[in-house]
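Data block below; observations after.
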Amino acid sequence: QGEVVAGSRHFRIWARAIVTVPLTRLVAVEDLKPGLTIQPDQVRVELMEGFPVAAKTSTPTVVTVTGMTPLRSIPAGSELRLDNLVRPLDVVRGDLVHVELRIGKARLSFNGRAEGAGRMGQLIAVRNPESNRVFQARVEGKDSVLVDTQGSGAE
(Lines give C-alpha, C1' and ligand atoms only; values in the text may rest on other atoms or scores of the structure.)
Protein backbone atom coordinates (compact mmCIF):
# COMPACT_ATOMS: atom_id res chain seq x y z
CA GLN A 1 0.00 0.00 0.00
CA GLY A 2 1.30 3.43 -0.79
CA GLU A 3 0.23 6.98 -1.31
CA VAL A 4 0.76 9.12 -4.38
CA VAL A 5 0.75 12.89 -4.06
CA ALA A 6 -0.05 15.00 -7.14
CA GLY A 7 -0.22 18.66 -6.25
CA SER A 8 -2.83 18.94 -3.50
CA ARG A 9 -4.37 15.55 -4.29
CA HIS A 10 -3.55 12.37 -2.49
CA PHE A 11 -4.24 8.92 -3.95
CA ARG A 12 -3.93 5.62 -2.16
CA ILE A 13 -2.77 2.78 -4.37
CA TRP A 14 -2.21 -0.92 -3.89
CA ALA A 15 0.35 -2.85 -5.83
CA ARG A 16 1.07 -6.52 -6.04
CA ALA A 17 4.45 -7.59 -7.36
CA ILE A 18 5.50 -11.04 -8.48
CA VAL A 19 9.26 -11.46 -8.34
CA THR A 20 10.79 -14.15 -10.54
CA VAL A 21 14.26 -15.04 -11.69
CA PRO A 22 15.55 -17.58 -14.20
CA LEU A 23 16.09 -20.93 -12.43
CA THR A 24 17.22 -24.38 -13.44
CA ARG A 25 15.67 -27.54 -12.12
CA LEU A 26 16.15 -31.23 -12.74
CA VAL A 27 13.03 -33.11 -13.82
CA ALA A 28 12.20 -36.75 -14.47
CA VAL A 29 11.77 -37.60 -18.15
CA GLU A 30 9.89 -40.77 -17.20
CA ASP A 31 8.34 -42.25 -14.05
CA LEU A 32 11.10 -43.13 -11.57
CA LYS A 33 10.46 -46.08 -9.25
CA PRO A 34 11.86 -46.53 -5.73
CA GLY A 35 14.77 -48.95 -5.50
CA LEU A 36 15.77 -48.58 -9.19
CA THR A 37 18.89 -46.57 -9.97
CA ILE A 38 18.49 -43.40 -11.99
CA GLN A 39 20.15 -43.36 -15.42
CA PRO A 40 21.32 -40.12 -17.13
CA ASP A 41 18.71 -40.40 -19.90
CA GLN A 42 15.87 -40.50 -17.33
CA VAL A 43 16.36 -36.87 -16.23
CA ARG A 44 16.85 -33.49 -17.90
CA VAL A 45 17.72 -29.94 -16.90
CA GLU A 46 14.85 -27.51 -17.41
CA LEU A 47 14.99 -23.71 -17.37
CA MET A 48 12.09 -21.89 -15.73
CA GLU A 49 11.08 -18.63 -14.12
CA GLY A 50 10.44 -18.84 -10.41
CA PHE A 51 10.62 -17.14 -7.04
CA PRO A 52 14.19 -17.02 -5.73
CA VAL A 53 14.10 -19.23 -2.64
CA ALA A 54 17.20 -19.74 -0.55
CA ALA A 55 17.55 -23.51 -0.91
CA LYS A 56 18.86 -25.64 1.94
CA THR A 57 20.53 -27.86 -0.63
CA SER A 58 21.92 -27.09 -4.03
CA THR A 59 20.09 -27.93 -7.23
CA PRO A 60 21.00 -31.50 -8.23
CA THR A 61 22.69 -32.15 -11.56
CA VAL A 62 22.40 -35.10 -13.91
CA VAL A 63 25.82 -36.28 -12.68
CA THR A 64 24.89 -36.10 -8.97
CA VAL A 65 21.62 -38.06 -9.33
CA THR A 66 22.92 -40.73 -11.74
CA GLY A 67 23.16 -43.98 -9.78
CA MET A 68 20.95 -42.75 -6.93
CA THR A 69 17.56 -44.30 -6.17
CA PRO A 70 14.28 -42.53 -5.35
CA LEU A 71 12.80 -43.05 -1.88
CA ARG A 72 9.31 -42.92 -3.42
CA SER A 73 7.86 -42.86 -6.93
CA ILE A 74 8.64 -39.71 -8.91
CA PRO A 75 6.21 -39.09 -11.80
CA ALA A 76 7.50 -37.92 -15.19
CA GLY A 77 7.76 -34.12 -15.30
CA SER A 78 8.32 -33.79 -11.54
CA GLU A 79 11.29 -31.98 -10.07
CA LEU A 80 14.01 -34.10 -8.45
CA ARG A 81 15.17 -33.07 -4.99
CA LEU A 82 18.18 -34.54 -3.25
CA ASP A 83 16.22 -35.13 -0.04
CA ASN A 84 14.04 -37.62 -1.97
CA LEU A 85 17.01 -39.63 -3.28
CA VAL A 86 19.56 -41.97 -1.69
CA ARG A 87 22.76 -43.63 -2.79
CA PRO A 88 22.20 -47.34 -3.37
CA LEU A 89 23.58 -49.82 -0.87
CA ASP A 90 27.09 -51.07 -1.61
CA VAL A 91 26.39 -54.31 0.25
CA VAL A 92 23.02 -56.02 0.59
CA ARG A 93 22.20 -58.66 3.21
CA GLY A 94 22.90 -62.09 1.76
CA ASP A 95 25.52 -60.84 -0.72
CA LEU A 96 28.79 -62.68 -1.10
CA VAL A 97 31.43 -60.11 -0.13
CA HIS A 98 35.19 -59.90 -0.52
CA VAL A 99 36.68 -59.58 2.98
CA GLU A 100 40.12 -58.13 3.62
CA LEU A 101 41.54 -58.65 7.11
CA ARG A 102 44.43 -56.41 8.18
CA ILE A 103 46.59 -57.30 11.15
CA GLY A 104 49.48 -54.84 11.22
CA LYS A 105 51.22 -55.29 7.87
CA ALA A 106 49.73 -58.73 7.28
CA ARG A 107 46.77 -59.07 4.90
CA LEU A 108 44.33 -61.93 4.56
CA SER A 109 41.48 -62.13 2.03
CA PHE A 110 38.51 -64.43 1.83
CA ASN A 111 34.85 -64.40 0.92
CA GLY A 112 32.10 -63.92 3.48
CA ARG A 113 28.33 -63.57 3.54
CA ALA A 114 26.82 -60.18 4.45
CA GLU A 115 24.45 -60.45 7.43
CA GLY A 116 23.55 -56.78 7.16
CA ALA A 117 23.38 -54.06 4.53
CA GLY A 118 25.31 -50.82 4.24
CA ARG A 119 26.99 -48.10 2.28
CA MET A 120 30.66 -47.20 2.09
CA GLY A 121 32.06 -46.41 5.53
CA GLN A 122 29.33 -48.17 7.52
CA LEU A 123 29.91 -51.18 9.78
CA ILE A 124 27.96 -54.33 8.97
CA ALA A 125 27.85 -57.89 10.25
CA VAL A 126 29.57 -60.48 8.04
CA ARG A 127 29.54 -64.28 8.45
CA ASN A 128 32.61 -66.42 7.77
CA PRO A 129 31.10 -69.37 5.85
CA GLU A 130 33.85 -71.79 7.01
CA SER A 131 33.71 -71.08 10.77
CA ASN A 132 30.12 -69.73 10.79
CA ARG A 133 31.34 -66.88 13.03
CA VAL A 134 29.91 -63.39 12.63
CA PHE A 135 32.17 -60.35 12.80
CA GLN A 136 31.94 -56.59 12.12
CA ALA A 137 33.50 -55.15 8.98
CA ARG A 138 33.51 -51.72 7.36
CA VAL A 139 32.05 -51.43 3.87
CA GLU A 140 34.83 -50.33 1.51
CA GLY A 141 32.95 -50.44 -1.80
CA LYS A 142 30.62 -52.58 -3.88
CA ASP A 143 30.55 -56.06 -2.25
CA SER A 144 33.83 -55.34 -0.46
CA VAL A 145 34.49 -55.05 3.30
CA LEU A 146 37.50 -54.46 5.52
CA VAL A 147 38.33 -55.77 8.97
CA ASP A 148 41.06 -53.75 10.64
CA THR A 149 42.01 -55.26 13.98
CA GLN A 150 42.96 -51.81 15.30
CA GLY A 151 39.35 -51.32 16.50
CA SER A 152 36.77 -53.19 14.46
CA GLY A 153 36.05 -55.90 17.01
CA ALA A 154 37.02 -58.79 14.71
CA GLU A 155 36.88 -62.33 16.02
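Order determines the names: the first chain of the C-alpha coordinates is A, the second B, and so forth; residues in each chain are numbered 1 upward, and ligands are numbered 1 upward as they are shown.
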Selection: 12 Å around Asp143 in chain A, only C-alpha atoms, excl. self and same-chain fewer than 3 positions, as JSON, numbers by chain: {"A": [89, 90, 91, 92, 93, 94, 95, 96, 97, 98, 99, 100, 111, 112, 113, 114, 116, 117, 118, 119, 120, 124, 126, 137, 138, 139, 140, 146]}
Name all residues at most 9 Å from Met48 in chain A (count only C-alpha atoms; drop same-chain ones fewer than 4 positions away) and give them as a count of residues only. 5
Point out the residue among A:Arg102, A:Arg16, A:Arg44, A:His10 with the least atom-to-atom distance to Ser78 in chain A, counting only C-alpha atoms. A:Arg44
If you run DSSP on the backbone, which residues of chain A are strand (DSSP E), as a PDB file with N, CA, C and O atoms, in the first residue's frame?
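The resulting file, states-v3.pdb, is reproduced below:
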ATOM      1  N   GLY A   2       0.524   2.212  -0.743  1.00  0.00           N
ATOM      2  CA  GLY A   2       1.304   3.428  -0.791  1.00  0.00           C
ATOM      3  C   GLY A   2       0.403   4.618  -1.055  1.00  0.00           C
ATOM      4  O   GLY A   2      -0.802   4.475  -1.250  1.00  0.00           O
ATOM      5  N   GLU A   3       1.011   5.772  -1.065  1.00  0.00           N
ATOM      6  CA  GLU A   3       0.230   6.983  -1.312  1.00  0.00           C
ATOM      7  C   GLU A   3       0.967   7.810  -2.354  1.00  0.00           C
ATOM      8  O   GLU A   3       2.178   7.978  -2.302  1.00  0.00           O
ATOM      9  N   VAL A   4       0.204   8.283  -3.329  1.00  0.00           N
ATOM     10  CA  VAL A   4       0.764   9.117  -4.377  1.00  0.00           C
ATOM     11  C   VAL A   4       0.247  10.539  -4.153  1.00  0.00           C
ATOM     12  O   VAL A   4      -0.938  10.743  -3.913  1.00  0.00           O
ATOM     13  N   VAL A   5       1.135  11.486  -4.229  1.00  0.00           N
ATOM     14  CA  VAL A   5       0.753  12.892  -4.062  1.00  0.00           C
ATOM     15  C   VAL A   5       0.950  13.601  -5.394  1.00  0.00           C
ATOM     16  O   VAL A   5       2.029  13.543  -5.979  1.00  0.00           O
ATOM     17  N   ALA A   6      -0.117  14.210  -5.897  1.00  0.00           N
ATOM     18  CA  ALA A   6      -0.053  14.995  -7.136  1.00  0.00           C
ATOM     19  C   ALA A   6      -0.629  16.374  -6.833  1.00  0.00           C
ATOM     20  O   ALA A   6      -1.845  16.552  -6.762  1.00  0.00           O
ATOM     21  N   ARG A   9      -3.575  16.781  -4.338  1.00  0.00           N
ATOM     22  CA  ARG A   9      -4.370  15.545  -4.291  1.00  0.00           C
ATOM     23  C   ARG A   9      -3.530  14.371  -3.799  1.00  0.00           C
ATOM     24  O   ARG A   9      -2.376  14.220  -4.153  1.00  0.00           O
ATOM     25  N   HIS A  10      -4.184  13.574  -3.031  1.00  0.00           N
ATOM     26  CA  HIS A  10      -3.546  12.368  -2.487  1.00  0.00           C
ATOM     27  C   HIS A  10      -4.325  11.155  -2.971  1.00  0.00           C
ATOM     28  O   HIS A  10      -5.554  11.138  -2.898  1.00  0.00           O
ATOM     29  N   PHE A  11      -3.614  10.157  -3.478  1.00  0.00           N
ATOM     30  CA  PHE A  11      -4.240   8.923  -3.951  1.00  0.00           C
ATOM     31  C   PHE A  11      -3.599   7.730  -3.256  1.00  0.00           C
ATOM     32  O   PHE A  11      -2.381   7.619  -3.208  1.00  0.00           O
ATOM     33  N   ARG A  12      -4.439   6.884  -2.723  1.00  0.00           N
ATOM     34  CA  ARG A  12      -3.925   5.622  -2.159  1.00  0.00           C
ATOM     35  C   ARG A  12      -3.938   4.577  -3.265  1.00  0.00           C
ATOM     36  O   ARG A  12      -4.920   4.454  -3.990  1.00  0.00           O
ATOM     37  N   ILE A  13      -2.831   3.844  -3.360  1.00  0.00           N
ATOM     38  CA  ILE A  13      -2.765   2.784  -4.367  1.00  0.00           C
ATOM     39  C   ILE A  13      -2.261   1.489  -3.714  1.00  0.00           C
ATOM     40  O   ILE A  13      -1.557   1.506  -2.711  1.00  0.00           O
ATOM     41  N   VAL A  21      12.921 -15.023 -11.108  1.00  0.00           N
ATOM     42  CA  VAL A  21      14.264 -15.037 -11.694  1.00  0.00           C
ATOM     43  C   VAL A  21      14.400 -16.309 -12.513  1.00  0.00           C
ATOM     44  O   VAL A  21      13.673 -17.282 -12.286  1.00  0.00           O
ATOM     45  N   PRO A  22      15.328 -16.337 -13.463  1.00  0.00           N
ATOM     46  CA  PRO A  22      15.555 -17.580 -14.202  1.00  0.00           C
ATOM     47  C   PRO A  22      16.173 -18.623 -13.277  1.00  0.00           C
ATOM     48  O   PRO A  22      17.119 -18.338 -12.551  1.00  0.00           O
ATOM     49  N   LEU A  23      15.617 -19.826 -13.273  1.00  0.00           N
ATOM     50  CA  LEU A  23      16.087 -20.926 -12.426  1.00  0.00           C
ATOM     51  C   LEU A  23      16.282 -22.176 -13.277  1.00  0.00           C
ATOM     52  O   LEU A  23      15.651 -22.327 -14.318  1.00  0.00           O
ATOM     53  N   THR A  24      17.125 -23.065 -12.806  1.00  0.00           N
ATOM     54  CA  THR A  24      17.223 -24.376 -13.439  1.00  0.00           C
ATOM     55  C   THR A  24      16.713 -25.406 -12.444  1.00  0.00           C
ATOM     56  O   THR A  24      16.843 -25.233 -11.234  1.00  0.00           O
ATOM     57  N   ARG A  25      16.111 -26.448 -12.967  1.00  0.00           N
ATOM     58  CA  ARG A  25      15.671 -27.538 -12.118  1.00  0.00           C
ATOM     59  C   ARG A  25      15.884 -28.834 -12.872  1.00  0.00           C
ATOM     60  O   ARG A  25      15.961 -28.846 -14.101  1.00  0.00           O
ATOM     61  N   LEU A  26      15.969 -29.918 -12.153  1.00  0.00           N
ATOM     62  CA  LEU A  26      16.154 -31.230 -12.739  1.00  0.00           C
ATOM     63  C   LEU A  26      14.827 -31.955 -12.660  1.00  0.00           C
ATOM     64  O   LEU A  26      14.230 -32.045 -11.584  1.00  0.00           O
ATOM     65  N   VAL A  27      14.336 -32.442 -13.790  1.00  0.00           N
ATOM     66  CA  VAL A  27      13.034 -33.112 -13.822  1.00  0.00           C
ATOM     67  C   VAL A  27      13.176 -34.527 -14.379  1.00  0.00           C
ATOM     68  O   VAL A  27      14.091 -34.821 -15.157  1.00  0.00           O
ATOM     69  N   ALA A  28      12.245 -35.370 -13.982  1.00  0.00           N
ATOM     70  CA  ALA A  28      12.204 -36.752 -14.466  1.00  0.00           C
ATOM     71  C   ALA A  28      11.611 -36.767 -15.869  1.00  0.00           C
ATOM     72  O   ALA A  28      10.572 -36.165 -16.114  1.00  0.00           O
ATOM     73  N   VAL A  43      16.537 -38.206 -16.803  1.00  0.00           N
ATOM     74  CA  VAL A  43      16.360 -36.867 -16.234  1.00  0.00           C
ATOM     75  C   VAL A  43      16.857 -35.817 -17.215  1.00  0.00           C
ATOM     76  O   VAL A  43      17.655 -36.120 -18.106  1.00  0.00           O
ATOM     77  N   ARG A  44      16.366 -34.592 -17.055  1.00  0.00           N
ATOM     78  CA  ARG A  44      16.853 -33.494 -17.896  1.00  0.00           C
ATOM     79  C   ARG A  44      16.834 -32.202 -17.081  1.00  0.00           C
ATOM     80  O   ARG A  44      16.060 -32.032 -16.146  1.00  0.00           O
ATOM     81  N   VAL A  45      17.671 -31.268 -17.504  1.00  0.00           N
ATOM     82  CA  VAL A  45      17.717 -29.938 -16.902  1.00  0.00           C
ATOM     83  C   VAL A  45      16.680 -29.091 -17.626  1.00  0.00           C
ATOM     84  O   VAL A  45      16.585 -29.118 -18.846  1.00  0.00           O
ATOM     85  N   GLU A  46      15.907 -28.350 -16.858  1.00  0.00           N
ATOM     86  CA  GLU A  46      14.848 -27.512 -17.412  1.00  0.00           C
ATOM     87  C   GLU A  46      15.022 -26.091 -16.887  1.00  0.00           C
ATOM     88  O   GLU A  46      15.252 -25.892 -15.702  1.00  0.00           O
ATOM     89  N   LEU A  47      14.927 -25.116 -17.778  1.00  0.00           N
ATOM     90  CA  LEU A  47      14.985 -23.713 -17.369  1.00  0.00           C
ATOM     91  C   LEU A  47      13.568 -23.234 -17.109  1.00  0.00           C
ATOM     92  O   LEU A  47      12.633 -23.609 -17.818  1.00  0.00           O
ATOM     93  N   MET A  48      13.402 -22.399 -16.084  1.00  0.00           N
ATOM     94  CA  MET A  48      12.086 -21.888 -15.733  1.00  0.00           C
ATOM     95  C   MET A  48      12.228 -20.533 -15.044  1.00  0.00           C
ATOM     96  O   MET A  48      13.321 -20.149 -14.657  1.00  0.00           O
ATOM     97  N   GLU A  49      11.131 -19.856 -14.908  1.00  0.00           N
ATOM     98  CA  GLU A  49      11.079 -18.626 -14.125  1.00  0.00           C
ATOM     99  C   GLU A  49      10.432 -18.989 -12.791  1.00  0.00           C
ATOM    100  O   GLU A  49       9.435 -19.704 -12.753  1.00  0.00           O
ATOM    101  N   GLY A  50      11.007 -18.515 -11.705  1.00  0.00           N
ATOM    102  CA  GLY A  50      10.439 -18.838 -10.406  1.00  0.00           C
ATOM    103  C   GLY A  50      10.881 -17.853  -9.347  1.00  0.00           C
ATOM    104  O   GLY A  50      11.744 -17.005  -9.574  1.00  0.00           O
ATOM    105  N   THR A  69      18.877 -43.682  -6.065  1.00  0.00           N
ATOM    106  CA  THR A  69      17.556 -44.297  -6.168  1.00  0.00           C
ATOM    107  C   THR A  69      16.529 -43.423  -5.446  1.00  0.00           C
ATOM    108  O   THR A  69      16.818 -42.859  -4.392  1.00  0.00           O
ATOM    109  N   PRO A  70      15.331 -43.307  -6.016  1.00  0.00           N
ATOM    110  CA  PRO A  70      14.283 -42.525  -5.352  1.00  0.00           C
ATOM    111  C   PRO A  70      13.764 -43.248  -4.102  1.00  0.00           C
ATOM    112  O   PRO A  70      13.687 -44.474  -4.077  1.00  0.00           O
ATOM    113  N   LEU A  85      16.159 -38.630  -2.633  1.00  0.00           N
ATOM    114  CA  LEU A  85      17.007 -39.626  -3.278  1.00  0.00           C
ATOM    115  C   LEU A  85      18.053 -40.147  -2.305  1.00  0.00           C
ATOM    116  O   LEU A  85      18.450 -39.438  -1.386  1.00  0.00           O
ATOM    117  N   VAL A  86      18.488 -41.388  -2.510  1.00  0.00           N
ATOM    118  CA  VAL A  86      19.560 -41.965  -1.689  1.00  0.00           C
ATOM    119  C   VAL A  86      20.544 -42.697  -2.592  1.00  0.00           C
ATOM    120  O   VAL A  86      20.190 -43.147  -3.674  1.00  0.00           O
ATOM    121  N   LEU A  96      27.452 -62.154  -1.287  1.00  0.00           N
ATOM    122  CA  LEU A  96      28.792 -62.679  -1.097  1.00  0.00           C
ATOM    123  C   LEU A  96      29.722 -61.480  -1.179  1.00  0.00           C
ATOM    124  O   LEU A  96      29.656 -60.702  -2.146  1.00  0.00           O
ATOM    125  N   VAL A  97      30.556 -61.280  -0.161  1.00  0.00           N
ATOM    126  CA  VAL A  97      31.430 -60.111  -0.128  1.00  0.00           C
ATOM    127  C   VAL A  97      32.885 -60.537  -0.043  1.00  0.00           C
ATOM    128  O   VAL A  97      33.219 -61.570   0.529  1.00  0.00           O
ATOM    129  N   HIS A  98      33.748 -59.711  -0.627  1.00  0.00           N
ATOM    130  CA  HIS A  98      35.188 -59.904  -0.520  1.00  0.00           C
ATOM    131  C   HIS A  98      35.611 -59.275   0.807  1.00  0.00           C
ATOM    132  O   HIS A  98      35.360 -58.091   1.047  1.00  0.00           O
ATOM    133  N   VAL A  99      36.242 -60.059   1.661  1.00  0.00           N
ATOM    134  CA  VAL A  99      36.676 -59.585   2.977  1.00  0.00           C
ATOM    135  C   VAL A  99      38.188 -59.452   2.965  1.00  0.00           C
ATOM    136  O   VAL A  99      38.894 -60.375   2.550  1.00  0.00           O
ATOM    137  N   GLU A 100      38.683 -58.293   3.412  1.00  0.00           N
ATOM    138  CA  GLU A 100      40.118 -58.129   3.618  1.00  0.00           C
ATOM    139  C   GLU A 100      40.332 -57.913   5.106  1.00  0.00           C
ATOM    140  O   GLU A 100      39.707 -57.056   5.720  1.00  0.00           O
ATOM    141  N   LEU A 101      41.207 -58.736   5.682  1.00  0.00           N
ATOM    142  CA  LEU A 101      41.538 -58.648   7.105  1.00  0.00           C
ATOM    143  C   LEU A 101      42.945 -58.097   7.215  1.00  0.00           C
ATOM    144  O   LEU A 101      43.871 -58.620   6.592  1.00  0.00           O
ATOM    145  N   ARG A 102      43.114 -57.028   7.987  1.00  0.00           N
ATOM    146  CA  ARG A 102      44.432 -56.410   8.183  1.00  0.00           C
ATOM    147  C   ARG A 102      44.844 -56.576   9.642  1.00  0.00           C
ATOM    148  O   ARG A 102      44.131 -56.146  10.540  1.00  0.00           O
ATOM    149  N   ILE A 103      46.004 -57.174   9.820  1.00  0.00           N
ATOM    150  CA  ILE A 103      46.592 -57.304  11.153  1.00  0.00           C
ATOM    151  C   ILE A 103      48.009 -56.747  11.021  1.00  0.00           C
ATOM    152  O   ILE A 103      48.901 -57.432  10.512  1.00  0.00           O
ATOM    153  N   ALA A 106      50.229 -57.500   7.893  1.00  0.00           N
ATOM    154  CA  ALA A 106      49.728 -58.735   7.280  1.00  0.00           C
ATOM    155  C   ALA A 106      48.333 -58.501   6.697  1.00  0.00           C
ATOM    156  O   ALA A 106      47.531 -57.738   7.234  1.00  0.00           O
ATOM    157  N   ARG A 107      48.063 -59.168   5.583  1.00  0.00           N
ATOM    158  CA  ARG A 107      46.768 -59.069   4.898  1.00  0.00           C
ATOM    159  C   ARG A 107      46.255 -60.469   4.619  1.00  0.00           C
ATOM    160  O   ARG A 107      46.999 -61.336   4.184  1.00  0.00           O
ATOM    161  N   LEU A 108      44.973 -60.662   4.856  1.00  0.00           N
ATOM    162  CA  LEU A 108      44.325 -61.933   4.563  1.00  0.00           C
ATOM    163  C   LEU A 108      43.021 -61.621   3.847  1.00  0.00           C
ATOM    164  O   LEU A 108      42.293 -60.719   4.252  1.00  0.00           O
ATOM    165  N   SER A 109      42.731 -62.340   2.750  1.00  0.00           N
ATOM    166  CA  SER A 109      41.476 -62.125   2.033  1.00  0.00           C
ATOM    167  C   SER A 109      40.722 -63.437   1.932  1.00  0.00           C
ATOM    168  O   SER A 109      41.310 -64.483   1.754  1.00  0.00           O
ATOM    169  N   PHE A 110      39.398 -63.292   2.003  1.00  0.00           N
ATOM    170  CA  PHE A 110      38.507 -64.435   1.827  1.00  0.00           C
ATOM    171  C   PHE A 110      37.121 -63.904   1.514  1.00  0.00           C
ATOM    172  O   PHE A 110      36.884 -62.706   1.545  1.00  0.00           O
ATOM    173  N   ASN A 111      36.223 -64.808   1.185  1.00  0.00           N
ATOM    174  CA  ASN A 111      34.845 -64.402   0.920  1.00  0.00           C
ATOM    175  C   ASN A 111      33.993 -64.660   2.147  1.00  0.00           C
ATOM    176  O   ASN A 111      34.202 -65.630   2.870  1.00  0.00           O
ATOM    177  N   GLY A 112      33.035 -63.777   2.368  1.00  0.00           N
ATOM    178  CA  GLY A 112      32.104 -63.918   3.478  1.00  0.00           C
ATOM    179  C   GLY A 112      30.698 -63.628   2.982  1.00  0.00           C
ATOM    180  O   GLY A 112      30.487 -63.242   1.829  1.00  0.00           O
ATOM    181  N   ARG A 113      29.738 -63.812   3.875  1.00  0.00           N
ATOM    182  CA  ARG A 113      28.332 -63.568   3.541  1.00  0.00           C
ATOM    183  C   ARG A 113      27.856 -62.395   4.391  1.00  0.00           C
ATOM    184  O   ARG A 113      27.991 -62.402   5.614  1.00  0.00           O
ATOM    185  N   ALA A 114      27.308 -61.359   3.737  1.00  0.00           N
ATOM    186  CA  ALA A 114      26.818 -60.176   4.451  1.00  0.00           C
ATOM    187  C   ALA A 114      25.573 -60.544   5.264  1.00  0.00           C
ATOM    188  O   ALA A 114      24.623 -61.093   4.737  1.00  0.00           O
ATOM    189  N   LEU A 123      29.594 -49.853   9.244  1.00  0.00           N
ATOM    190  CA  LEU A 123      29.909 -51.178   9.776  1.00  0.00           C
ATOM    191  C   LEU A 123      28.718 -52.104   9.566  1.00  0.00           C
ATOM    192  O   LEU A 123      27.573 -51.698   9.792  1.00  0.00           O
ATOM    193  N   ILE A 124      29.008 -53.328   9.131  1.00  0.00           N
ATOM    194  CA  ILE A 124      27.957 -54.328   8.967  1.00  0.00           C
ATOM    195  C   ILE A 124      28.442 -55.656   9.535  1.00  0.00           C
ATOM    196  O   ILE A 124      29.644 -55.868   9.724  1.00  0.00           O
ATOM    197  N   ALA A 125      27.514 -56.546   9.808  1.00  0.00           N
ATOM    198  CA  ALA A 125      27.851 -57.894  10.252  1.00  0.00           C
ATOM    199  C   ALA A 125      28.126 -58.761   9.030  1.00  0.00           C
ATOM    200  O   ALA A 125      27.409 -58.697   8.029  1.00  0.00           O
ATOM    201  N   VAL A 126      29.183 -59.572   9.119  1.00  0.00           N
ATOM    202  CA  VAL A 126      29.565 -60.483   8.045  1.00  0.00           C
ATOM    203  C   VAL A 126      29.792 -61.856   8.662  1.00  0.00           C
ATOM    204  O   VAL A 126      30.350 -61.975   9.743  1.00  0.00           O
ATOM    205  N   ARG A 127      29.361 -62.905   7.962  1.00  0.00           N
ATOM    206  CA  ARG A 127      29.542 -64.276   8.446  1.00  0.00           C
ATOM    207  C   ARG A 127      30.654 -64.950   7.650  1.00  0.00           C
ATOM    208  O   ARG A 127      30.670 -64.917   6.430  1.00  0.00           O
ATOM    209  N   VAL A 134      30.321 -64.699  13.130  1.00  0.00           N
ATOM    210  CA  VAL A 134      29.906 -63.386  12.631  1.00  0.00           C
ATOM    211  C   VAL A 134      30.848 -62.340  13.210  1.00  0.00           C
ATOM    212  O   VAL A 134      31.189 -62.386  14.388  1.00  0.00           O
ATOM    213  N   PHE A 135      31.268 -61.411  12.376  1.00  0.00           N
ATOM    214  CA  PHE A 135      32.170 -60.347  12.803  1.00  0.00           C
ATOM    215  C   PHE A 135      31.730 -59.037  12.144  1.00  0.00           C
ATOM    216  O   PHE A 135      30.936 -59.033  11.206  1.00  0.00           O
ATOM    217  N   GLN A 136      32.246 -57.924  12.661  1.00  0.00           N
ATOM    218  CA  GLN A 136      31.936 -56.592  12.122  1.00  0.00           C
ATOM    219  C   GLN A 136      33.005 -56.203  11.105  1.00  0.00           C
ATOM    220  O   GLN A 136      34.192 -56.426  11.334  1.00  0.00           O
ATOM    221  N   ALA A 137      32.567 -55.621  10.001  1.00  0.00           N
ATOM    222  CA  ALA A 137      33.497 -55.148   8.975  1.00  0.00           C
ATOM    223  C   ALA A 137      32.970 -53.839   8.405  1.00  0.00           C
ATOM    224  O   ALA A 137      31.766 -53.598   8.387  1.00  0.00           O
ATOM    225  N   ARG A 138      33.877 -53.008   7.949  1.00  0.00           N
ATOM    226  CA  ARG A 138      33.513 -51.716   7.364  1.00  0.00           C
ATOM    227  C   ARG A 138      33.382 -51.881   5.851  1.00  0.00           C
ATOM    228  O   ARG A 138      34.251 -52.438   5.201  1.00  0.00           O
ATOM    229  N   VAL A 139      32.279 -51.360   5.313  1.00  0.00           N
ATOM    230  CA  VAL A 139      32.050 -51.425   3.874  1.00  0.00           C
ATOM    231  C   VAL A 139      33.058 -50.507   3.186  1.00  0.00           C
ATOM    232  O   VAL A 139      33.164 -49.327   3.513  1.00  0.00           O
ATOM    233  N   GLU A 140      33.798 -51.073   2.228  1.00  0.00           N
ATOM    234  CA  GLU A 140      34.831 -50.326   1.507  1.00  0.00           C
ATOM    235  C   GLU A 140      34.416 -49.990   0.086  1.00  0.00           C
ATOM    236  O   GLU A 140      35.030 -49.166  -0.561  1.00  0.00           O
ATOM    237  N   GLY A 141      33.395 -50.658  -0.425  1.00  0.00           N
ATOM    238  CA  GLY A 141      32.945 -50.437  -1.797  1.00  0.00           C
ATOM    239  C   GLY A 141      31.923 -51.502  -2.142  1.00  0.00           C
ATOM    240  O   GLY A 141      31.449 -52.239  -1.277  1.00  0.00           O
ATOM    241  N   SER A 144      32.483 -55.262  -1.019  1.00  0.00           N
ATOM    242  CA  SER A 144      33.829 -55.336  -0.458  1.00  0.00           C
ATOM    243  C   SER A 144      33.822 -54.751   0.951  1.00  0.00           C
ATOM    244  O   SER A 144      33.292 -53.665   1.176  1.00  0.00           O
ATOM    245  N   VAL A 145      34.428 -55.510   1.904  1.00  0.00           N
ATOM    246  CA  VAL A 145      34.487 -55.053   3.299  1.00  0.00           C
ATOM    247  C   VAL A 145      35.903 -55.202   3.834  1.00  0.00           C
ATOM    248  O   VAL A 145      36.707 -55.968   3.307  1.00  0.00           O
ATOM    249  N   LEU A 146      36.182 -54.462   4.894  1.00  0.00           N
ATOM    250  CA  LEU A 146      37.500 -54.460   5.522  1.00  0.00           C
ATOM    251  C   LEU A 146      37.351 -54.701   7.012  1.00  0.00           C
ATOM    252  O   LEU A 146      36.497 -54.103   7.660  1.00  0.00           O
ATOM    253  N   VAL A 147      38.221 -55.570   7.532  1.00  0.00           N
ATOM    254  CA  VAL A 147      38.331 -55.773   8.974  1.00  0.00           C
ATOM    255  C   VAL A 147      39.724 -55.308   9.358  1.00  0.00           C
ATOM    256  O   VAL A 147      40.718 -55.856   8.897  1.00  0.00           O
ATOM    257  N   ASP A 148      39.785 -54.271  10.160  1.00  0.00           N
ATOM    258  CA  ASP A 148      41.063 -53.750  10.642  1.00  0.00           C
ATOM    259  C   ASP A 148      41.088 -54.010  12.132  1.00  0.00           C
ATOM    260  O   ASP A 148      40.291 -53.473  12.874  1.00  0.00           O
TER     261      ASP A 148
END
